[in-house]
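Q: Provided herewith: coords09.txt, compact mmCIF, C-alpha atoms.
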# COMPACT_ATOMS: atom_id res chain seq x y z
CA MET W 1 21.25 100.75 78.93
CA THR W 2 22.00 103.32 76.24
CA ASP W 3 19.63 105.86 77.78
CA HIS W 4 21.57 105.70 81.01
CA ALA W 5 22.52 109.29 81.79
CA TRP W 6 25.80 108.34 83.45
CA LEU W 7 27.12 106.11 80.72
CA ASP W 8 29.28 108.76 79.08
CA ALA W 9 31.09 109.41 82.37
CA ALA W 10 32.50 105.89 82.53
CA ALA W 11 35.22 106.29 79.87
CA PRO W 12 36.58 109.61 81.24
CA TYR W 13 36.40 108.10 84.73
CA ALA W 14 38.36 105.03 83.68
CA LEU W 15 40.99 107.35 82.21
CA GLY W 16 41.14 109.49 85.35
CA ALA W 17 39.88 112.46 83.35
CA LEU W 18 37.00 113.66 85.51
CA SER W 19 37.39 116.74 87.70
CA ALA W 20 37.24 116.19 91.45
CA GLU W 21 33.58 117.17 91.57
CA GLU W 22 32.57 115.10 88.57
CA ARG W 23 34.41 112.13 89.99
CA ALA W 24 32.79 112.43 93.38
CA ALA W 25 29.34 112.60 91.82
CA PHE W 26 30.01 109.63 89.56
CA GLU W 27 31.40 107.53 92.40
CA ALA W 28 28.35 108.22 94.49
CA HIS W 29 26.34 106.89 91.57
CA LEU W 30 28.65 103.88 91.14
CA ALA W 31 27.93 102.73 94.65
CA ASP W 32 24.33 102.12 93.60
CA CYS W 33 24.60 101.10 89.96
CA ALA W 34 25.85 97.67 89.02
CA VAL W 35 25.65 98.45 85.29
CA CYS W 36 28.08 101.35 85.56
CA ARG W 37 30.27 99.43 87.97
CA ALA W 38 30.71 96.63 85.46
CA ASP W 39 31.25 99.13 82.67
CA VAL W 40 33.92 100.97 84.65
CA GLN W 41 35.70 97.81 85.63
CA ALA W 42 35.94 96.67 82.02
CA LEU W 43 37.09 100.07 80.76
CA ARG W 44 39.58 100.43 83.59
CA GLU W 45 41.21 97.20 82.67
CA VAL W 46 41.66 98.56 79.15
CA SER W 47 42.92 101.99 80.23
CA GLY W 48 45.33 100.33 82.67
CA LEU W 49 47.05 98.65 79.72
CA LEU W 50 47.97 102.06 78.31
CA ALA W 51 50.89 101.94 80.75
CA HIS W 52 52.45 99.52 78.26
CA ALA W 53 52.34 102.18 75.56
CA ALA W 54 55.02 104.26 77.27
CA ALA W 55 58.33 104.29 75.43
CA ALA W 56 60.63 101.63 76.89
CA ALA W 57 63.00 102.87 79.58
CA THR W 58 65.28 100.86 81.84
CA PRO W 59 65.35 101.77 85.53
CA PRO W 60 68.85 102.21 86.97
CA PRO W 61 70.13 99.10 88.79
CA ALA W 62 70.44 100.97 92.11
CA LEU W 63 66.70 101.58 92.22
CA ARG W 64 65.92 97.97 93.12
CA GLU W 65 68.19 98.02 96.16
CA ARG W 66 66.84 101.39 97.26
CA ILE W 67 63.25 100.17 97.15
CA LEU W 68 64.03 97.00 99.08
CA ARG W 69 66.03 98.95 101.67
CA GLU W 70 63.23 101.44 102.18
CA ALA W 71 60.72 98.60 102.44
CA ARG W 72 62.74 96.89 105.18
CA ALA W 73 62.48 100.03 107.25
CA VAL W 74 58.69 100.02 107.11
CA ARG W 75 56.38 97.35 108.38
CA PRO W 76 53.51 96.77 106.03
CA LEU W 77 50.02 97.30 107.39
CA ALA W 78 48.78 94.04 108.80
CA ALA W 79 46.02 92.24 106.99
CA ARG W 80 42.84 92.82 108.91
CA ARG W 81 41.46 89.34 108.66
CA ARG W 82 39.24 87.92 111.32
CA SER W 83 39.87 84.32 112.15
CA LEU W 84 36.65 82.47 111.62
CA ARG W 85 36.34 78.82 112.40
CA PRO W 86 37.21 76.71 109.39
CA TRP W 87 33.80 75.01 109.15
CA LEU W 88 32.08 78.33 109.20
CA VAL W 89 34.42 79.63 106.56
CA ALA W 90 33.76 76.59 104.40
CA ALA W 91 30.01 76.83 104.76
CA ALA W 92 29.78 80.52 104.18
CA SER W 93 32.68 81.25 101.88
CA LEU W 94 30.65 81.72 98.74
CA VAL W 95 28.04 83.95 100.32
CA LEU W 96 30.66 85.88 102.26
CA ALA W 97 32.81 86.48 99.23
CA VAL W 98 29.95 87.99 97.27
CA ALA W 99 28.44 89.97 100.11
CA ALA W 100 31.75 91.20 101.51
CA GLY W 101 33.01 92.21 98.10
CA LEU W 102 29.95 94.27 97.37
CA GLY W 103 29.73 95.65 100.89
CA TYR W 104 33.36 96.67 100.88
CA TRP W 105 33.04 98.31 97.50
CA ARG W 106 29.92 100.21 98.53
CA ALA W 107 31.13 101.34 101.92
CA SER W 108 34.61 102.35 100.90
CA HIS W 109 33.49 104.02 97.72
CA ALA W 110 30.65 105.91 99.28
CA ARG W 111 33.10 107.13 101.92
CA ASP W 112 35.78 108.06 99.37
CA ALA W 113 33.19 109.83 97.26
CA LEU W 114 31.96 111.83 100.24
CA THR W 115 35.49 112.73 101.30
CA ARG W 116 36.28 113.92 97.80
CA ALA W 117 33.04 115.86 97.47
CA LEU W 118 33.81 117.56 100.76
CA ALA W 119 37.37 118.39 99.73
CA ALA W 120 36.13 119.75 96.40
CA ALA W 121 33.53 121.90 98.14
CA ARG W 122 36.18 123.20 100.55
CA ASP W 123 38.46 124.09 97.65
CA THR W 124 35.64 125.93 95.90
CA ILE W 125 34.80 127.89 99.03
CA ALA W 126 38.44 128.71 99.72
CA ALA W 127 38.85 129.97 96.16
CA ARG W 128 35.73 132.15 96.48
CA ASP W 129 36.85 133.47 99.85
CA SER W 130 40.13 134.48 98.35
CA LEU W 131 38.32 136.30 95.53
CA VAL W 132 36.04 138.11 97.93
CA VAL W 133 38.89 139.12 100.24
CA THR W 134 40.75 140.63 97.30
CA LEU W 135 37.68 142.44 96.00
CA PHE W 136 37.00 144.03 99.38
CA ALA W 137 40.56 145.12 100.05
CA PRO W 138 40.68 148.79 101.17
CA ASP W 139 43.51 149.56 98.75
CA LEU W 140 41.77 148.09 95.71
CA GLY W 141 43.02 149.23 92.31
CA THR W 142 41.08 148.53 89.15
CA ALA W 143 41.74 148.44 85.45
CA ALA W 144 39.42 147.92 82.52
CA LEU W 145 41.23 146.07 79.76
CA ALA W 146 39.91 146.52 76.26
CA ALA W 147 40.88 145.78 72.70
CA THR W 148 40.19 149.09 70.90
CA GLY W 149 36.53 149.25 71.81
CA LYS W 150 35.57 145.75 70.66
CA PRO W 151 35.27 142.48 72.56
CA PRO W 152 37.12 140.77 74.19
CA SER W 153 37.38 142.74 77.39
CA ALA W 154 38.54 142.16 80.93
CA ARG W 155 38.38 143.82 84.30
CA LEU W 156 41.24 143.62 86.74
CA PHE W 157 41.18 144.16 90.49
CA TRP W 158 44.40 144.54 92.36
CA SER W 159 45.16 144.63 96.06
CA PRO W 160 48.77 145.69 96.78
CA SER W 161 48.43 144.85 100.48
CA ARG W 162 47.24 141.32 99.75
CA HIS W 163 49.58 140.82 96.81
CA ARG W 164 46.77 139.53 94.66
CA VAL W 165 44.98 140.33 91.47
CA VAL W 166 41.60 139.05 90.39
CA MET W 167 40.59 139.30 86.78
CA ALA W 168 37.29 138.68 85.04
CA VAL W 169 37.52 138.10 81.29
CA PHE W 170 34.68 138.29 78.78
CA ASN W 171 34.20 137.30 75.15
CA LEU W 172 37.65 135.82 74.70
CA ALA W 173 37.76 132.54 72.77
CA PRO W 174 39.92 129.87 74.46
CA ALA W 175 43.55 129.94 73.33
CA PRO W 176 44.32 127.55 70.44
CA ALA W 177 45.92 124.18 71.19
CA GLY W 178 49.45 124.60 72.52
CA ARG W 179 48.89 128.28 73.37
CA ILE W 180 47.81 130.09 76.49
CA TYR W 181 47.01 133.61 77.64
CA GLN W 182 49.44 135.46 79.87
CA LEU W 183 48.66 138.46 82.05
CA TRP W 184 51.33 141.12 82.53
CA ALA W 185 51.86 143.97 84.95
CA ILE W 186 53.82 146.81 83.38
CA ALA W 187 55.76 148.98 85.82
CA ALA W 188 58.05 151.73 84.50
CA GLY W 189 57.71 150.29 80.99
CA LYS W 190 58.87 146.82 82.07
CA PRO W 191 56.45 143.89 81.77
CA MET W 192 56.34 141.32 84.56
CA SER W 193 54.31 138.13 84.29
CA LEU W 194 51.37 137.82 86.69
CA GLY W 195 50.36 134.39 85.48
CA LEU W 196 48.72 132.22 82.86
CA PHE W 197 45.06 131.60 82.18
CA ASN W 198 42.68 130.26 79.62
CA THR W 199 39.00 130.92 79.08
CA ALA W 200 36.13 128.47 79.12
CA PRO W 201 34.38 127.66 75.84
CA ASP W 202 31.85 130.43 76.64
CA GLY W 203 34.70 132.96 76.45
CA ARG W 204 34.75 133.73 80.17
CA ALA W 205 37.28 133.30 82.92
CA THR W 206 37.67 134.46 86.49
CA VAL W 207 41.21 134.12 87.71
CA ALA W 208 43.03 135.01 90.91
CA MET W 209 46.80 135.36 90.85
CA GLU W 210 49.55 136.04 93.34
CA VAL W 211 51.60 139.15 92.73
CA ALA W 212 55.30 139.09 93.59
CA ARG W 213 55.96 141.08 96.76
CA GLU W 214 58.62 143.21 95.04
CA LEU W 215 55.95 144.62 92.75
CA ALA W 216 54.65 147.55 94.81
CA SER W 217 52.76 149.22 92.03
CA PHE W 218 52.16 149.06 88.32
CA GLN W 219 50.58 151.45 85.88
CA LEU W 220 49.52 149.24 83.00
CA THR W 221 48.27 145.72 82.64
CA ALA W 222 48.12 143.69 79.44
CA VAL W 223 47.28 140.28 78.03
CA THR W 224 49.18 138.41 75.30
CA GLU W 225 48.82 134.98 73.75
CA GLU W 226 51.91 132.84 74.39
CA PRO W 227 53.06 129.27 73.89
CA ALA W 228 51.61 126.94 76.56
CA GLY W 229 53.77 127.24 79.63
CA GLY W 230 54.06 130.99 79.18
CA SER W 231 57.00 133.23 78.24
CA PRO W 232 59.48 135.16 80.41
CA GLN W 233 58.74 138.27 78.31
CA PRO W 234 55.80 138.96 75.99
CA THR W 235 56.46 137.60 72.49
CA GLN W 236 53.75 139.63 70.78
CA GLN W 237 51.90 142.92 71.02
CA PRO W 238 49.27 142.68 73.77
CA PHE W 239 45.72 142.47 72.43
CA LEU W 240 44.21 143.68 75.71
CA VAL W 241 45.59 146.67 77.57
CA GLY W 242 44.30 148.61 80.56
CA LYS W 243 45.45 151.46 82.76
CA VAL W 244 45.42 150.84 86.50
CA SER W 245 43.77 153.40 88.72
CA GLY W 246 43.94 153.41 92.50
CA GLY W 247 45.72 150.61 94.30
CA GLU W 248 48.33 152.88 95.89
CA MET O 1 53.18 89.79 99.69
CA ALA O 2 50.58 90.86 102.18
CA ALA O 3 52.42 88.80 104.75
CA GLY O 4 55.33 91.17 104.47
CA ASP O 5 57.78 88.87 102.75
CA ASP O 6 60.31 91.13 101.16
CA ARG O 7 61.34 88.54 98.63
CA ALA O 8 57.86 89.02 97.20
CA LEU O 9 58.62 92.69 96.77
CA GLY O 10 61.82 91.81 94.94
CA ASP O 11 59.87 89.52 92.61
CA LEU O 12 57.27 92.16 92.02
CA TYR O 13 60.01 94.63 91.23
CA ASP O 14 61.73 92.29 88.77
CA ARG O 15 58.50 91.65 86.98
CA HIS O 16 56.99 95.11 86.82
CA ALA O 17 59.57 97.81 87.55
CA ALA O 18 60.46 98.35 83.89
CA THR O 19 56.83 99.04 82.97
CA ALA O 20 56.34 101.31 85.97
CA TYR O 21 59.55 103.18 85.24
CA ALA O 22 58.70 103.63 81.56
CA LEU O 23 55.28 104.96 82.54
CA ALA O 24 56.79 107.36 85.07
CA MET O 25 59.31 108.58 82.48
CA ALA O 26 56.55 109.15 79.95
CA ILE O 27 54.73 111.38 82.43
CA VAL O 28 57.47 113.22 84.33
CA GLY O 29 60.12 113.19 81.60
CA GLU O 30 63.15 113.20 83.89
CA ARG O 31 65.14 110.25 85.22
CA ALA O 32 65.57 111.38 88.80
CA ASP O 33 61.87 112.20 89.07
CA ALA O 34 60.87 108.90 87.50
CA GLU O 35 63.02 107.03 90.05
CA GLU O 36 61.35 108.95 92.84
CA VAL O 37 57.92 108.08 91.50
CA VAL O 38 58.71 104.38 91.11
CA ALA O 39 60.25 104.18 94.60
CA ASP O 40 57.15 105.87 96.05
CA ALA O 41 54.82 103.60 94.14
CA PHE O 42 56.53 100.41 95.28
CA GLY O 43 56.65 101.80 98.80
CA GLN O 44 52.91 102.33 98.72
CA VAL O 45 52.30 98.85 97.32
CA TRP O 46 54.44 97.45 100.12
CA ARG O 47 52.69 99.33 102.88
CA THR O 48 49.17 98.71 101.67
CA ALA O 49 49.41 95.25 100.13
CA ALA O 50 47.07 93.88 102.76
CA GLN O 51 44.29 96.12 101.53
CA PHE O 52 44.67 95.07 97.93
CA ASP O 53 41.51 93.44 96.67
CA PRO O 54 42.18 91.03 93.78
CA GLU O 55 38.48 91.16 92.91
CA ARG O 56 38.91 94.70 91.72
CA GLY O 57 41.91 94.40 89.46
CA SER O 58 45.29 92.87 88.80
CA VAL O 59 48.46 93.66 90.75
CA PRO O 60 50.25 95.16 87.72
CA GLY O 61 47.14 97.24 87.05
CA TRP O 62 47.16 98.44 90.63
CA LEU O 63 50.86 99.29 90.45
CA ALA O 64 50.34 101.19 87.19
CA THR O 65 47.49 103.17 88.71
CA ILE O 66 49.59 104.13 91.73
CA THR O 67 52.59 104.99 89.55
CA ARG O 68 50.53 107.17 87.26
CA THR O 69 48.87 108.97 90.16
CA ARG O 70 52.21 109.60 91.86
CA ALA O 71 53.77 110.84 88.63
CA LEU O 72 50.94 113.29 87.98
CA ASP O 73 51.09 114.47 91.61
CA LEU O 74 54.80 115.13 91.30
CA LEU O 75 54.26 117.06 88.09
CA ARG O 76 51.66 119.20 89.82
CA ALA O 77 53.82 119.73 92.90
CA ARG O 78 56.71 120.87 90.74
CA GLY O 79 54.47 123.30 88.90
CA ARG O 80 55.42 121.63 85.67
CA ARG O 81 51.94 120.75 84.60
CA ALA O 82 51.72 123.54 82.04
CA ARG O 83 54.80 122.21 80.29
CA ALA O 84 53.47 118.69 80.33
CA ILE O 85 50.22 119.88 78.81
CA GLU O 86 52.13 121.67 76.12
CA ARG O 87 54.17 118.57 75.44
CA ALA O 88 51.07 116.44 75.36
CA ALA O 89 49.15 118.83 73.14
CA ALA O 90 51.88 119.46 70.58
CA VAL O 91 50.19 118.83 67.24
CA GLY O 92 51.23 115.72 65.37
CA ASP O 93 53.66 114.64 68.05
CA MET O 94 52.88 111.53 70.03
CA GLY O 95 55.67 112.52 72.35
CA LEU O 96 54.64 110.49 75.34
CA ALA O 97 53.74 107.10 74.08
CA ALA O 98 56.29 104.94 72.32
CA PRO O 99 56.89 105.66 68.68
CA LEU O 100 55.89 102.59 66.72
CA ALA O 101 59.18 102.20 64.87
CA GLY O 102 61.41 102.66 67.91
CA ALA O 103 59.77 99.90 69.92
CA GLY O 104 62.90 97.78 69.66
CA ASP O 105 65.27 98.86 72.43
CA ALA O 106 63.38 97.26 75.28
CA PRO O 107 65.17 95.51 78.10
CA ASP O 108 64.88 91.83 77.30
CA ARG O 109 63.59 90.67 80.65
CA GLY O 110 60.13 89.22 80.33
CA VAL O 111 58.91 88.14 76.94
CA GLU O 112 55.32 88.47 78.09
CA ARG O 113 55.77 92.11 78.96
CA GLU O 114 57.47 92.78 75.66
CA ASP O 115 54.55 91.17 73.84
CA ALA O 116 52.11 93.29 75.81
CA ARG O 117 54.08 96.40 74.99
CA ARG O 118 54.13 95.61 71.31
CA LEU O 119 50.43 94.84 71.16
CA VAL O 120 49.38 97.93 73.12
CA THR O 121 51.68 100.23 71.16
CA ARG O 122 50.43 98.86 67.86
CA SER O 123 46.77 98.93 68.86
CA LEU O 124 47.10 102.52 70.03
CA ALA O 125 48.84 103.52 66.80
CA GLU O 126 46.01 101.95 64.81
CA LEU O 127 43.33 104.07 66.45
CA PRO O 128 42.03 107.04 64.50
CA GLU O 129 44.25 109.98 65.43
CA PRO O 130 41.55 111.99 67.28
CA GLN O 131 40.73 109.02 69.50
CA ARG O 132 44.36 108.21 70.22
CA ARG O 133 44.97 111.83 71.08
CA VAL O 134 42.31 112.12 73.77
CA LEU O 135 43.47 108.85 75.35
CA GLU O 136 47.07 110.05 75.47
CA LEU O 137 46.20 113.49 76.79
CA ALA O 138 44.15 111.93 79.57
CA TYR O 139 46.38 109.03 80.48
CA PHE O 140 49.88 110.45 80.03
CA GLY O 141 49.09 114.16 80.26
CA GLY O 142 46.74 113.87 83.23
CA LEU O 143 44.30 116.32 81.65
CA THR O 144 40.64 116.29 82.60
CA GLN O 145 38.03 115.91 79.89
CA SER O 146 37.25 119.65 80.08
CA GLU O 147 40.93 120.57 79.79
CA ILE O 148 41.23 118.32 76.78
CA ALA O 149 38.16 119.90 75.19
CA ALA O 150 39.69 123.35 75.75
CA ALA O 151 43.13 122.31 74.48
CA LEU O 152 41.74 120.75 71.32
CA ARG O 153 38.97 123.32 70.94
CA GLU O 154 36.41 120.59 70.63
CA PRO O 155 33.03 120.27 72.35
CA LEU O 156 33.14 118.29 75.59
CA GLY O 157 30.67 115.76 74.20
CA THR O 158 33.01 115.01 71.31
CA VAL O 159 35.87 114.36 73.73
CA LYS O 160 33.76 111.96 75.78
CA THR O 161 32.61 110.13 72.67
CA ARG O 162 36.18 109.75 71.44
CA MET O 163 37.33 108.43 74.80
CA ARG O 164 34.60 105.83 74.79
CA ALA O 165 35.17 104.87 71.15
CA GLY O 166 38.95 104.64 71.62
CA LEU O 167 38.70 102.47 74.73
CA GLU O 168 36.08 100.20 73.11
CA LYS O 169 38.32 99.67 70.09
CA LEU O 170 41.30 98.92 72.32
CA ARG O 171 39.16 96.53 74.27
CA GLY O 172 38.70 94.55 71.07
CA SER O 173 42.30 94.61 69.93
CA LEU O 174 43.73 94.02 73.42
CA ALA O 175 41.37 91.15 74.25
CA PRO O 176 44.29 88.69 74.63
CA LEU O 177 45.56 90.80 77.55
CA LEU O 178 42.20 91.25 79.26
CA SER O 179 40.69 88.89 81.78
CA GLU O 180 37.52 88.40 79.76
CA GLY O 181 39.61 87.50 76.71
CA LYS O 182 41.73 84.93 78.53
CA SER O 183 40.54 81.40 78.85
Just dump the structure as structure tokens.
A:
Amino acid sequence: MTDHAWLDAAAPYALGALSAEERAAFEAHLADCAVCRADVQALREVSGLLAHAAAAATPPPALRERILREARAVRPLAARRRSLRPWLVAAASLVLAVAAGLGYWRASHARDALTRALAAARDTIAARDSLVVTLFAPDLGTAALAATGKPPSARLFWSPSRHRVVMAVFNLAPAPAGRIYQLWAIAAGKPMSLGLFNTAPDGRATVAMEVARELASFQLTAVTEEPAGGSPQPTQQPFLVGKVSGGE
Amino acid sequence: MAAGDDRALGDLYDRHAATAYALAMAIVGERADAEEVVADAFGQVWRTAAQFDPERGSVPGWLATITRTRALDLLRARGRRARAIERAAAVGDMGLAAPLAGAGDAPDRGVEREDARRLVTRSLAELPEPQRRVLELAYFGGLTQSEIAAALREPLGTVKTRMRAGLEKLRGSLAPLLSEGKS
């Protein structure tokens, strides 16, 4: 059991901490693996109790009435229960309960897993499409961002017509806990936030960001490290700066 | 419940709304949003009660799962995830889960729930800090294991190991609340 390759996915899964793709893959596995299914069920029961660790808070009295009122307006979905003859039910109940339970779990989970895998794949493709579209824009501007000749470095691509920038970052350690990197466009000496990003543990990141429509052009681009959540204005000297060429 | 009896919904609300609301507050942090989340969650329970499968979990567990999912969705929709992550990742600040000392001001309805709250809060507080942290970041912060690894600057494998170790320890200390621990 300990050499089971999937075993270390069960705890993150029970905590809802897998990415969409990881979750889809694990659920596909769950449909066929009783060991992991039992493991997940036990861990889920534990993680579910974490709800009790939230600081106590009392819901406002009006909430109860609101929920009941809204419920009266909606008919619940009817139970889809076939009426079997009582003797048949009695004879087969044990077998049915076991088989139906497992069958339902398998069918619904395999379907959910497929749906999620498909959605994740679509998201990935859409994100790549958006990158490619920006990179092939006829009005592409580029900037190489560097920190006085040493790593880290970054390369920025900007399409004014598509209001998007794409940036590839290299050799930049992920921001420390509670901090994040922020990318700025500097037009006429004034910095404007383009967005937040962080790098993967390998020091790389590829990010695509929307650019506000008012921002028709900018001459400089820079990266600072800011508190998580970002800052309205840079709070430190940028450690990466680049000059934009083209993109007019 | 599945038959559509709305008294059942009222009972369910009386028994579990406080827990659901506290959970929603811990995640979204604002009263109006928490109310929205709880109303949505009960609405979903109401509409889909017929599909609930008792074999796969308890009703309160199901409600908590729905509440948590809705709360994290709302956070994402409002673009407030970054702030939540910051809140969750603030060093040395439990922030989201109940502080151990302040566990007193609970509404008095439901002794059983109050016992559960006390036991879970205490068990969580007794975990080694690194384990407690990954559980809180995942459960209340809605971070994925990779996001947690990046936020804490720890290897992914370490994060997974801590999640497993933390949950296994809780499983021991929370046995009285778990089905396998009940007689």
Q: Given only C-alpha atoms as the basis, pick out the residue of O:Arg31, O:Arg113, O:Arg68, O:Arg171 nearest to Pro60 in chain W.
A: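 Counting only C-alpha atoms, the residue closest to Pro60 in chain W is O:Arg31.
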Q: So that I can see what lies close to Ser58 in chain O, please list as a count of residues only the residues with an atom at most 10 Å from it, counting all atoms listed in the file and leaving out residues fewer than 5 positions away in the same chain.
A: 7
Q: Identify, on the basis of all atoms listed in the file, every residue whose closest approach to range 10-23 of chain O does not exceed 6 Å; exclude the query and any residue fewer than 6 positions from it along the same chain; express the result as a PyMOL selection string.
A: chain W and resi 51+54+56-59
Q: Considering only C-alpha atoms, extract the chain W residues located within 8 Å of chain O and return them as an MDAnalysis selection string.
A: chainID W and resid 8:9 11:12 15:19 41 43 45:59 63:64 66:68 70:72 74:80 101 174:179 200:201 227:229
Q: Please, what distance in Å, to one decimal, runs between CA of Ala208 in chain W and CA of Ala168 in chain W?
A: 9.0 Å
Q: Which value, in Å to one decimal, gives the distance between CA of Leu196 in chain W and CA of Ser231 in chain W?
A: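 Value for the CA of Leu196 in chain W-CA of Ser231 in chain W distance: 9.5 Å.
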Q: To one decimal in Å, tell me the separation between CA of Ala137 in chain W and CA of Ser193 in chain W.
A: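 Separation of CA of Ala137 in chain W and CA of Ser193 in chain W: 22.1 Å.
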Q: Select, counting all atoms listed in the file, all protein, DNA and RNA residues no farther than 9 Å from (51.3, 148.1, 99.7) in file coordinates, and express the selection as a PDB file with C-alpha atoms, in the coordinates of the input.
A:
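Everything below was put into out-v1.pdb:
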ATOM      1  CA  ASP W 139      43.510 149.560  98.750  1.00  0.00           C
ATOM      2  CA  SER W 159      45.160 144.630  96.060  1.00  0.00           C
ATOM      3  CA  PRO W 160      48.770 145.690  96.780  1.00  0.00           C
ATOM      4  CA  SER W 161      48.430 144.850 100.480  1.00  0.00           C
ATOM      5  CA  ARG W 162      47.240 141.320  99.750  1.00  0.00           C
ATOM      6  CA  HIS W 163      49.580 140.820  96.810  1.00  0.00           C
ATOM      7  CA  ARG W 213      55.960 141.080  96.760  1.00  0.00           C
ATOM      8  CA  ALA W 216      54.650 147.550  94.810  1.00  0.00           C
ATOM      9  CA  SER W 217      52.760 149.220  92.030  1.00  0.00           C
ATOM     10  CA  GLY W 247      45.720 150.610  94.300  1.00  0.00           C
ATOM     11  CA  GLU W 248      48.330 152.880  95.890  1.00  0.00           C
TER      12      GLU W 248
END
Q: Excluding Val169 in chain W and residues on its chain fewer than 5 positions from it, collect all residues at most 7 Å away from it, counting all atoms listed in the file, and give them as a ChimeraX atom specification.
A: /W:153-155,204-206
Q: For the selection just defined, write its residues with C-alpha atoms to a file, as an mmCIF file, in the frame of the given file.
A:
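Result file is part-v4.cif:
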data_model
loop_
_atom_site.group_PDB
_atom_site.id
_atom_site.type_symbol
_atom_site.label_atom_id
_atom_site.label_comp_id
_atom_site.auth_asym_id
_atom_site.auth_seq_id
_atom_site.Cartn_x
_atom_site.Cartn_y
_atom_site.Cartn_z
ATOM 1 C CA SER W 153 37.380 142.740 77.390
ATOM 2 C CA ALA W 154 38.540 142.160 80.930
ATOM 3 C CA ARG W 155 38.380 143.820 84.300
ATOM 4 C CA ARG W 204 34.750 133.730 80.170
ATOM 5 C CA ALA W 205 37.280 133.300 82.920
ATOM 6 C CA THR W 206 37.670 134.460 86.490
#
Q: Using all atoms listed in the file, which of W:Leu220, W:Leu240, W:Ala188, W:Val132 sits nearest Pro151 in chain W?
A: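 Looking only at the distances to Pro151 in chain W, the closest residue turns out to be W:Leu240.
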